[in-house]
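See structure below.
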Amino acid sequence: MSSSKGVLSHEEMASAHTLSAIAAWYLSNIGVILLNKYLLSVHGFRYPIFLTTMHMVMCAVLSMALCASGVVPKQTIKGRKHAIKIAALAVVFVASVLGGNISLRFIPVSFNQAIGATTPFFTALLSLFIARRKESTRTYITLVPIVLGIVIASKAEPLFHPVGFVACLSATFARALKSVLQGLLLTNSDERLDSLNLLMYMSPMSLLALVAGVSIIEPNASSEFYQNCGDSPRFLLIFALNCILAFSVNLTNFLVTKCTSPLTLQVLGNAKGAVAVAASIILFRNPVSVNGMVGYVITIAGVVAYSAAKKTQNPKPSPSS
């Protein structure tokens with residue numbers, strides 16, 4: 001309830017903070033997906049590991065700068081066990097982002113998002129087995145139309161590519177695992193880090209694996225990047241904007257997980273996917289069937305049902321460590 005003098009209550013301020021984080025997460029996600037597709041497929045810059053590496057460079061630089069400036073107090077890693085958890089999160093994080101970027105070289109945004117919509121099932125299972133967090137039966141039931149709708153849509157996909165499919169499926173599982181580990185790191189009272197500090201520690205760890213990958217798999221990426229920048233200032237502008245949005249995606253991703261739950265984050269992602277699909281159809285002229293459109297409508301209906309189920313679900317006490 002709000003106070004009689006128009007001052008926002010604690011609950012209203014928390015809701016406004018959550019909605020702001022979700023809105024920023026939506027805008028950043030859709031923007032970075034479309035720009036990734038443009039750079040890797042339309043423009044022809046076929047170096048997804050290098051692109052992911054530059055994303056991590058931007059994340060590391062901006063998160064360190066904000067912590068150093070005092071915008072967010074710098075926190076420390078609490079022991080070796082804590083550092084190992086963050087390192088594990090960094091490895092899974094690289095797998096999820098890299099797999100998604102590789103898939104965009106071969107499949108359209110619509111199919112990429114369709115495969116990604118299966119993430120809530122993986123998240124629900126991993127949350128149960130790793131975090132011992134159980135949702136209500138009604139909540140689990142609402143996941144069925146979310147995934148069913150995307151399965152229907154993907155059956156009619158005319159631009160199927162096996163490499164893109166495997167890369168995206170791998171990224172989907174890694175994304176679910178990442179969100180669960182992320183939720184544990186952000187909510188454990190003994191090892192709690194705010195979202196910016198977690199990103200600051202995770203980015204350099206991710207860079208170690210990515211730089212090695214670029215050196216071995218994409219040795220010509222740097223020269224191609226400089227050549228594209230010299231040939232087209234527009235390319236450099238789009239590339240820079242893409243990297244900034246990648247930082248915003250990761251920062252708001254952690255904030256949304258902290259405000260809600262890993263499963264909520266993934267289901268919100270399905271609705272985001274539908275918006276991204278619509279934008280990609282308009283911008284990239286992706287072929288879409290009637291079955292595809294019906295599938296996306298079913299998915300949105302599932303998201304609405306999930307939100308209603310979560311609202312009426314009694315909160316469960318968190319398990320003791």
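Labels used: A, B, ... for chains in the order of the structure tokens, numbers from 1 for residues in each chain, and numbers from 1 for ligands as shown.
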Excluding A:Val94 and its own-chain neighbours fewer than 5 positions away, which residues fall within 12 Å of it when counting only C-alpha atoms? Please give them as JSON, numbers by chain. {"A": [48, 49, 51, 52, 53, 55, 56, 87, 88, 89, 99, 100, 101, 102, 170, 171, 174, 175, 177, 178, 202, 203, 204, 205, 206, 207, 208, 209, 210, 211, 213, 250]}
Kindly save the residues from that selection, with N, CA, C and O atoms included, as a short mmCIF file (atom, residue, chain, number, x, y, z; two decimals), in the first residue's frame.
```cif
data_model
loop_
_atom_site.label_atom_id
_atom_site.label_comp_id
_atom_site.auth_asym_id
_atom_site.auth_seq_id
_atom_site.Cartn_x
_atom_site.Cartn_y
_atom_site.Cartn_z
N PRO A 48 32.66 -15.17 -34.41
CA PRO A 48 31.85 -15.07 -33.18
C PRO A 48 32.68 -15.11 -31.90
O PRO A 48 32.30 -14.49 -30.90
N ILE A 49 33.83 -15.82 -31.91
CA ILE A 49 34.65 -15.86 -30.69
C ILE A 49 35.28 -14.50 -30.45
O ILE A 49 35.32 -14.00 -29.31
N LEU A 51 34.08 -11.62 -31.47
CA LEU A 51 33.00 -10.72 -31.06
C LEU A 51 32.68 -10.91 -29.58
O LEU A 51 32.53 -9.93 -28.84
N THR A 52 32.59 -12.16 -29.13
CA THR A 52 32.33 -12.44 -27.72
C THR A 52 33.46 -11.92 -26.84
O THR A 52 33.24 -11.42 -25.73
N THR A 53 34.71 -12.04 -27.33
CA THR A 53 35.86 -11.54 -26.59
C THR A 53 35.76 -10.03 -26.38
O THR A 53 36.00 -9.51 -25.28
N HIS A 55 33.05 -8.30 -26.34
CA HIS A 55 31.97 -8.09 -25.37
C HIS A 55 32.53 -8.18 -23.95
O HIS A 55 32.21 -7.35 -23.08
N MET A 56 33.36 -9.20 -23.71
CA MET A 56 33.93 -9.39 -22.38
C MET A 56 34.90 -8.27 -22.00
O MET A 56 34.99 -7.87 -20.84
N ALA A 87 34.61 -18.70 -10.94
CA ALA A 87 35.30 -19.21 -12.12
C ALA A 87 34.41 -20.19 -12.88
O ALA A 87 34.37 -20.18 -14.12
N ALA A 88 33.69 -21.04 -12.16
CA ALA A 88 32.77 -21.98 -12.81
C ALA A 88 31.67 -21.23 -13.54
O ALA A 88 31.29 -21.58 -14.68
N LEU A 89 31.15 -20.18 -12.91
CA LEU A 89 30.13 -19.35 -13.55
C LEU A 89 30.68 -18.70 -14.82
O LEU A 89 29.99 -18.62 -15.84
N GLY A 99 28.04 -19.96 -27.71
CA GLY A 99 27.14 -20.83 -28.46
C GLY A 99 26.04 -20.06 -29.16
O GLY A 99 25.72 -20.32 -30.32
N GLY A 100 25.48 -19.06 -28.47
CA GLY A 100 24.45 -18.24 -29.09
C GLY A 100 24.97 -17.43 -30.26
O GLY A 100 24.32 -17.33 -31.30
N ASN A 101 26.17 -16.86 -30.11
CA ASN A 101 26.75 -16.08 -31.19
C ASN A 101 27.11 -16.94 -32.41
O ASN A 101 26.91 -16.53 -33.55
N ILE A 102 27.65 -18.14 -32.15
CA ILE A 102 27.96 -19.05 -33.25
C ILE A 102 26.69 -19.43 -34.01
O ILE A 102 26.66 -19.46 -35.24
N SER A 170 23.27 -26.13 -27.24
CA SER A 170 24.31 -26.13 -26.21
C SER A 170 24.28 -24.84 -25.41
O SER A 170 24.41 -24.84 -24.18
N ALA A 171 24.08 -23.73 -26.10
CA ALA A 171 24.00 -22.44 -25.42
C ALA A 171 22.78 -22.38 -24.50
O ALA A 171 22.83 -21.78 -23.43
N ALA A 174 23.57 -24.29 -21.32
CA ALA A 174 24.54 -23.51 -20.55
C ALA A 174 23.90 -22.27 -19.93
O ALA A 174 24.22 -21.88 -18.81
N ARG A 175 22.96 -21.66 -20.67
CA ARG A 175 22.27 -20.48 -20.15
C ARG A 175 21.44 -20.82 -18.93
O ARG A 175 21.39 -20.06 -17.95
N LEU A 177 22.03 -23.36 -16.82
CA LEU A 177 22.98 -23.63 -15.73
C LEU A 177 23.56 -22.34 -15.19
O LEU A 177 23.71 -22.16 -13.97
N LYS A 178 23.87 -21.41 -16.08
CA LYS A 178 24.42 -20.11 -15.66
C LYS A 178 23.45 -19.35 -14.77
O LYS A 178 23.83 -18.80 -13.74
N MET A 202 34.00 -11.85 -12.92
CA MET A 202 33.78 -12.92 -13.87
C MET A 202 34.37 -12.61 -15.25
O MET A 202 34.87 -13.50 -15.94
N SER A 203 34.34 -11.35 -15.67
CA SER A 203 34.78 -10.98 -17.02
C SER A 203 36.23 -11.33 -17.32
O SER A 203 36.52 -11.93 -18.36
N PRO A 204 37.19 -10.99 -16.44
CA PRO A 204 38.58 -11.36 -16.74
C PRO A 204 38.78 -12.87 -16.82
O PRO A 204 39.58 -13.36 -17.63
N MET A 205 38.07 -13.63 -15.99
CA MET A 205 38.17 -15.09 -16.04
C MET A 205 37.66 -15.61 -17.38
O MET A 205 38.23 -16.52 -17.98
N SER A 206 36.56 -15.02 -17.86
CA SER A 206 36.01 -15.42 -19.15
C SER A 206 36.97 -15.08 -20.28
O SER A 206 37.09 -15.84 -21.25
N LEU A 207 37.65 -13.95 -20.15
CA LEU A 207 38.57 -13.51 -21.20
C LEU A 207 39.72 -14.49 -21.42
O LEU A 207 40.20 -14.64 -22.55
N LEU A 208 40.18 -15.14 -20.37
CA LEU A 208 41.30 -16.07 -20.51
C LEU A 208 40.96 -17.17 -21.51
O LEU A 208 41.75 -17.50 -22.40
N ALA A 209 39.75 -17.73 -21.39
CA ALA A 209 39.33 -18.80 -22.30
C ALA A 209 39.07 -18.25 -23.70
O ALA A 209 39.42 -18.88 -24.71
N LEU A 210 38.49 -17.07 -23.79
CA LEU A 210 38.14 -16.50 -25.09
C LEU A 210 39.37 -16.10 -25.90
O LEU A 210 39.43 -16.33 -27.12
N VAL A 211 40.36 -15.49 -25.24
CA VAL A 211 41.58 -15.09 -25.96
C VAL A 211 42.29 -16.31 -26.52
O VAL A 211 42.78 -16.30 -27.66
N GLY A 213 40.83 -19.06 -27.38
CA GLY A 213 39.99 -19.53 -28.48
C GLY A 213 40.21 -18.73 -29.75
O GLY A 213 40.27 -19.29 -30.85
N ASN A 250 24.40 -8.04 -19.57
CA ASN A 250 24.92 -8.81 -18.44
C ASN A 250 24.62 -8.17 -17.10
O ASN A 250 24.24 -8.86 -16.15
#
```
Check the DSSP output for the backbone and give back, as number ranges by chain, the residues of stretch 7-182 of chain A in alpha helix (DSSP H). A: 10-37, 48-68, 80-106, 109-116, 119-130, 137-155, 162-182
Saved selection, atoms kept: C-alpha atoms, as a CSV table (one decimal), in the first residue's frame:
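The result, written out as part-v2.csv:
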```csv
chain,number,residue,atom,x,y,z
A,10,HIS,CA,8.9,0.0,0.2
A,11,GLU,CA,7.0,-2.6,-1.8
A,12,GLU,CA,6.2,0.0,-4.5
A,13,MET,CA,9.8,1.1,-4.8
A,14,ALA,CA,10.9,-2.5,-5.0
A,15,SER,CA,8.4,-3.2,-7.7
A,16,ALA,CA,9.5,-0.1,-9.6
A,17,HIS,CA,13.2,-1.2,-9.3
A,18,THR,CA,12.3,-4.7,-10.6
A,19,LEU,CA,10.3,-3.3,-13.6
A,20,SER,CA,13.1,-0.9,-14.5
A,21,ALA,CA,15.6,-3.7,-14.5
A,22,ILE,CA,13.4,-5.9,-16.6
A,23,ALA,CA,12.7,-3.0,-19.1
A,24,ALA,CA,16.5,-2.3,-19.4
A,25,TRP,CA,17.2,-6.0,-19.8
A,26,TYR,CA,14.6,-6.3,-22.6
A,27,LEU,CA,15.9,-3.4,-24.6
A,28,SER,CA,19.5,-4.5,-24.2
A,29,ASN,CA,18.8,-8.1,-25.1
A,30,ILE,CA,16.8,-7.3,-28.2
A,31,GLY,CA,19.4,-4.8,-29.4
A,32,VAL,CA,22.4,-7.0,-28.9
A,33,ILE,CA,20.7,-10.0,-30.6
A,34,LEU,CA,19.8,-8.0,-33.7
A,35,LEU,CA,23.3,-6.4,-33.9
A,36,ASN,CA,25.0,-9.7,-33.4
A,37,LYS,CA,23.0,-11.1,-36.3
A,48,PRO,CA,31.9,-15.1,-33.2
A,49,ILE,CA,34.7,-15.9,-30.7
A,50,PHE,CA,36.3,-12.5,-31.4
A,51,LEU,CA,33.0,-10.7,-31.1
A,52,THR,CA,32.3,-12.4,-27.7
A,53,THR,CA,35.9,-11.5,-26.6
A,54,MET,CA,35.2,-7.9,-27.3
A,55,HIS,CA,32.0,-8.1,-25.4
A,56,MET,CA,33.9,-9.4,-22.4
A,57,VAL,CA,36.6,-6.7,-22.7
A,58,MET,CA,33.8,-4.0,-22.5
A,59,CYS,CA,32.2,-5.8,-19.6
A,60,ALA,CA,35.5,-5.9,-17.7
A,61,VAL,CA,36.5,-2.3,-18.4
A,62,LEU,CA,33.1,-0.8,-17.6
A,63,SER,CA,32.4,-2.9,-14.5
A,64,MET,CA,35.9,-2.1,-13.1
A,65,ALA,CA,35.5,1.6,-13.9
A,66,LEU,CA,32.1,1.8,-12.1
A,67,CYS,CA,33.4,0.0,-9.0
A,68,ALA,CA,36.6,2.2,-9.0
A,80,ARG,CA,39.1,-20.0,-2.5
A,81,LYS,CA,35.7,-21.8,-2.6
A,82,HIS,CA,34.0,-18.5,-3.5
A,83,ALA,CA,36.6,-17.9,-6.3
A,84,ILE,CA,36.0,-21.4,-7.7
A,85,LYS,CA,32.3,-20.7,-7.9
A,86,ILE,CA,32.8,-17.5,-9.8
A,87,ALA,CA,35.3,-19.2,-12.1
A,88,ALA,CA,32.8,-22.0,-12.8
A,89,LEU,CA,30.1,-19.4,-13.6
A,90,ALA,CA,32.6,-17.6,-15.9
A,91,VAL,CA,33.2,-20.8,-17.9
A,92,VAL,CA,29.5,-21.6,-18.2
A,93,PHE,CA,28.8,-18.0,-19.1
A,94,VAL,CA,31.3,-18.1,-22.0
A,95,ALA,CA,29.7,-21.3,-23.3
A,96,SER,CA,26.2,-19.8,-23.3
A,97,VAL,CA,27.2,-16.5,-25.0
A,98,LEU,CA,29.6,-18.1,-27.5
A,99,GLY,CA,27.1,-20.8,-28.5
A,100,GLY,CA,24.4,-18.2,-29.1
A,101,ASN,CA,26.8,-16.1,-31.2
A,102,ILE,CA,28.0,-19.0,-33.3
A,103,SER,CA,24.4,-20.1,-33.9
A,104,LEU,CA,23.5,-16.6,-35.3
A,105,ARG,CA,26.0,-17.2,-38.1
A,106,PHE,CA,23.9,-20.1,-39.4
A,109,VAL,CA,17.0,-14.9,-35.0
A,110,SER,CA,13.5,-16.5,-35.0
A,111,PHE,CA,14.9,-20.1,-34.9
A,112,ASN,CA,17.6,-19.1,-32.4
A,113,GLN,CA,14.9,-17.7,-30.0
A,114,ALA,CA,12.7,-20.8,-30.6
A,115,ILE,CA,15.4,-23.1,-29.4
A,116,GLY,CA,16.2,-20.8,-26.5
A,119,THR,CA,15.6,-23.0,-21.3
A,120,PRO,CA,12.9,-22.8,-18.5
A,121,PHE,CA,12.6,-26.6,-18.5
A,122,PHE,CA,16.4,-27.0,-18.0
A,123,THR,CA,16.3,-24.2,-15.4
A,124,ALA,CA,13.5,-25.8,-13.5
A,125,LEU,CA,15.4,-29.2,-13.3
A,126,LEU,CA,18.7,-27.6,-12.5
A,127,SER,CA,17.1,-25.4,-9.8
A,128,LEU,CA,15.6,-28.5,-8.2
A,129,PHE,CA,18.8,-30.6,-8.2
A,130,ILE,CA,21.4,-27.9,-7.6
A,137,THR,CA,2.9,-27.8,-9.6
A,138,ARG,CA,0.8,-25.1,-11.3
A,139,THR,CA,3.9,-23.2,-12.2
A,140,TYR,CA,5.5,-26.3,-13.8
A,141,ILE,CA,2.3,-26.9,-15.8
A,142,THR,CA,2.4,-23.4,-17.3
A,143,LEU,CA,5.8,-24.2,-18.8
A,144,VAL,CA,4.2,-26.7,-21.1
A,145,PRO,CA,2.5,-24.2,-23.5
A,146,ILE,CA,5.7,-22.0,-23.4
A,147,VAL,CA,7.8,-24.7,-24.9
A,148,LEU,CA,5.0,-26.3,-26.9
A,149,GLY,CA,4.4,-23.1,-28.8
A,150,ILE,CA,8.0,-22.7,-29.8
A,151,VAL,CA,8.2,-26.4,-30.8
A,152,ILE,CA,5.3,-25.9,-33.1
A,153,ALA,CA,6.9,-22.8,-34.5
A,154,SER,CA,10.3,-24.5,-35.1
A,155,LYS,CA,8.8,-27.4,-36.9
A,162,PRO,CA,22.7,-28.5,-38.0
A,163,VAL,CA,25.7,-26.5,-36.8
A,164,GLY,CA,23.6,-23.6,-35.8
A,165,PHE,CA,21.1,-25.9,-34.1
A,166,VAL,CA,23.7,-27.8,-32.0
A,167,ALA,CA,25.4,-24.5,-31.1
A,168,CYS,CA,22.1,-22.9,-30.0
A,169,LEU,CA,21.0,-26.0,-28.1
A,170,SER,CA,24.3,-26.1,-26.2
A,171,ALA,CA,24.0,-22.4,-25.4
A,172,THR,CA,20.5,-23.0,-24.1
A,173,PHE,CA,21.6,-25.6,-21.6
A,174,ALA,CA,24.5,-23.5,-20.5
A,175,ARG,CA,22.3,-20.5,-20.2
A,176,ALA,CA,20.0,-22.4,-17.8
A,177,LEU,CA,23.0,-23.6,-15.7
A,178,LYS,CA,24.4,-20.1,-15.7
A,179,SER,CA,21.2,-18.6,-14.4
A,180,VAL,CA,20.9,-21.1,-11.5
A,181,LEU,CA,24.6,-20.7,-10.5
A,182,GLN,CA,24.1,-16.9,-10.8
```
Rank A:Phe254, A:Phe247, A:Phe160, A:Phe225 by their smallest atom-to-atom distance to A:Pro108, using only C-alpha atoms, and report the top residue only.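 Counting only C-alpha atoms, the residue closest to A:Pro108 is A:Phe160.
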Neighbours of A:Ala278 within 12 Å (only C-alpha atoms; same-chain residues fewer than 3 positions away dropped), as a ChimeraX atom specification? /A:30,34,108-111,113,271-275,281-288,292-293,296-297
Could the residues in this selection be written to a file with N, CA, C and O atoms, as a short mmCIF file (atom, residue, chain, number, x, y, z; two decimals), in the first residue's frame?
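Here's the written file out26.cif:
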```
data_model
loop_
_atom_site.label_atom_id
_atom_site.label_comp_id
_atom_site.auth_asym_id
_atom_site.auth_seq_id
_atom_site.Cartn_x
_atom_site.Cartn_y
_atom_site.Cartn_z
N ILE A 30 17.33 -7.39 -26.83
CA ILE A 30 16.84 -7.34 -28.22
C ILE A 30 17.85 -6.61 -29.10
O ILE A 30 18.16 -7.04 -30.22
N LEU A 34 19.96 -8.46 -32.29
CA LEU A 34 19.82 -7.98 -33.67
C LEU A 34 21.17 -7.50 -34.22
O LEU A 34 21.49 -7.75 -35.40
N PRO A 108 18.48 -18.11 -38.43
CA PRO A 108 17.86 -16.80 -38.20
C PRO A 108 17.56 -16.56 -36.72
O PRO A 108 17.52 -17.50 -35.92
N VAL A 109 17.33 -15.31 -36.38
CA VAL A 109 17.01 -14.95 -35.00
C VAL A 109 15.77 -15.69 -34.52
O VAL A 109 15.70 -16.13 -33.36
N SER A 110 14.79 -15.86 -35.40
CA SER A 110 13.55 -16.52 -35.01
C SER A 110 13.79 -17.94 -34.53
O SER A 110 13.27 -18.37 -33.49
N PHE A 111 14.61 -18.71 -35.25
CA PHE A 111 14.89 -20.09 -34.86
C PHE A 111 15.79 -20.12 -33.62
O PHE A 111 15.64 -20.98 -32.75
N GLN A 113 15.76 -18.00 -31.18
CA GLN A 113 14.90 -17.72 -30.03
C GLN A 113 13.95 -18.89 -29.74
O GLN A 113 13.60 -19.14 -28.58
N ALA A 271 9.24 -14.22 -23.65
CA ALA A 271 8.47 -13.08 -24.16
C ALA A 271 9.39 -12.13 -24.91
O ALA A 271 9.03 -11.58 -25.95
N LYS A 272 10.60 -11.94 -24.37
CA LYS A 272 11.60 -11.12 -25.06
C LYS A 272 11.92 -11.70 -26.42
O LYS A 272 12.10 -10.99 -27.41
N GLY A 273 12.01 -13.04 -26.47
CA GLY A 273 12.30 -13.71 -27.73
C GLY A 273 11.25 -13.43 -28.78
O GLY A 273 11.58 -13.24 -29.96
N ALA A 274 10.00 -13.41 -28.37
CA ALA A 274 8.92 -13.14 -29.33
C ALA A 274 9.05 -11.74 -29.92
O ALA A 274 8.84 -11.52 -31.12
N VAL A 275 9.44 -10.77 -29.07
CA VAL A 275 9.64 -9.40 -29.56
C VAL A 275 10.84 -9.35 -30.50
O VAL A 275 10.81 -8.70 -31.55
N ILE A 281 12.09 -10.21 -38.15
CA ILE A 281 11.28 -10.42 -39.36
C ILE A 281 11.17 -9.11 -40.15
O ILE A 281 11.28 -9.08 -41.37
N ILE A 282 10.97 -8.02 -39.41
CA ILE A 282 10.84 -6.71 -40.05
C ILE A 282 12.16 -6.26 -40.66
O ILE A 282 12.22 -5.79 -41.81
N LEU A 283 13.27 -6.45 -39.90
CA LEU A 283 14.56 -5.94 -40.35
C LEU A 283 15.27 -6.84 -41.35
O LEU A 283 15.87 -6.36 -42.32
N PHE A 284 15.20 -8.16 -41.12
CA PHE A 284 15.96 -9.10 -41.95
C PHE A 284 15.11 -9.90 -42.92
O PHE A 284 15.63 -10.74 -43.63
N ARG A 285 13.79 -9.66 -42.92
CA ARG A 285 12.88 -10.35 -43.84
C ARG A 285 12.93 -11.87 -43.68
O ARG A 285 12.95 -12.60 -44.66
N ASN A 286 12.96 -12.35 -42.45
CA ASN A 286 12.96 -13.79 -42.22
C ASN A 286 11.65 -14.41 -42.71
O ASN A 286 10.58 -13.89 -42.43
N PRO A 287 11.71 -15.55 -43.42
CA PRO A 287 10.48 -16.24 -43.79
C PRO A 287 9.83 -16.89 -42.57
O PRO A 287 10.50 -17.58 -41.79
N VAL A 288 8.55 -16.64 -42.35
CA VAL A 288 7.83 -17.19 -41.21
C VAL A 288 6.51 -17.77 -41.68
O VAL A 288 5.79 -17.15 -42.46
N GLY A 292 4.30 -20.93 -37.42
CA GLY A 292 5.26 -20.22 -36.59
C GLY A 292 4.60 -19.14 -35.77
O GLY A 292 4.86 -19.00 -34.56
N MET A 293 3.73 -18.37 -36.40
CA MET A 293 3.04 -17.30 -35.69
C MET A 293 2.12 -17.85 -34.60
O MET A 293 2.05 -17.30 -33.50
N TYR A 296 4.19 -18.80 -31.56
CA TYR A 296 4.62 -17.68 -30.73
C TYR A 296 3.47 -17.15 -29.87
O TYR A 296 3.67 -16.74 -28.72
N VAL A 297 2.25 -17.18 -30.41
CA VAL A 297 1.07 -16.75 -29.63
C VAL A 297 0.87 -17.68 -28.44
O VAL A 297 0.58 -17.24 -27.32
#
```
Quick one: distance from atom CA of A:Ile244 to atom CA of A:Leu196 in Å, one decimal? 14.6 Å
Which of these residues is nearest to A:Ile298, using only C-alpha atoms: A:Ala117, A:Leu184, A:Val71, A:Ala240?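 Nearest candidate to A:Ile298 out of A:Ala117, A:Leu184, A:Val71, A:Ala240: A:Ala117.
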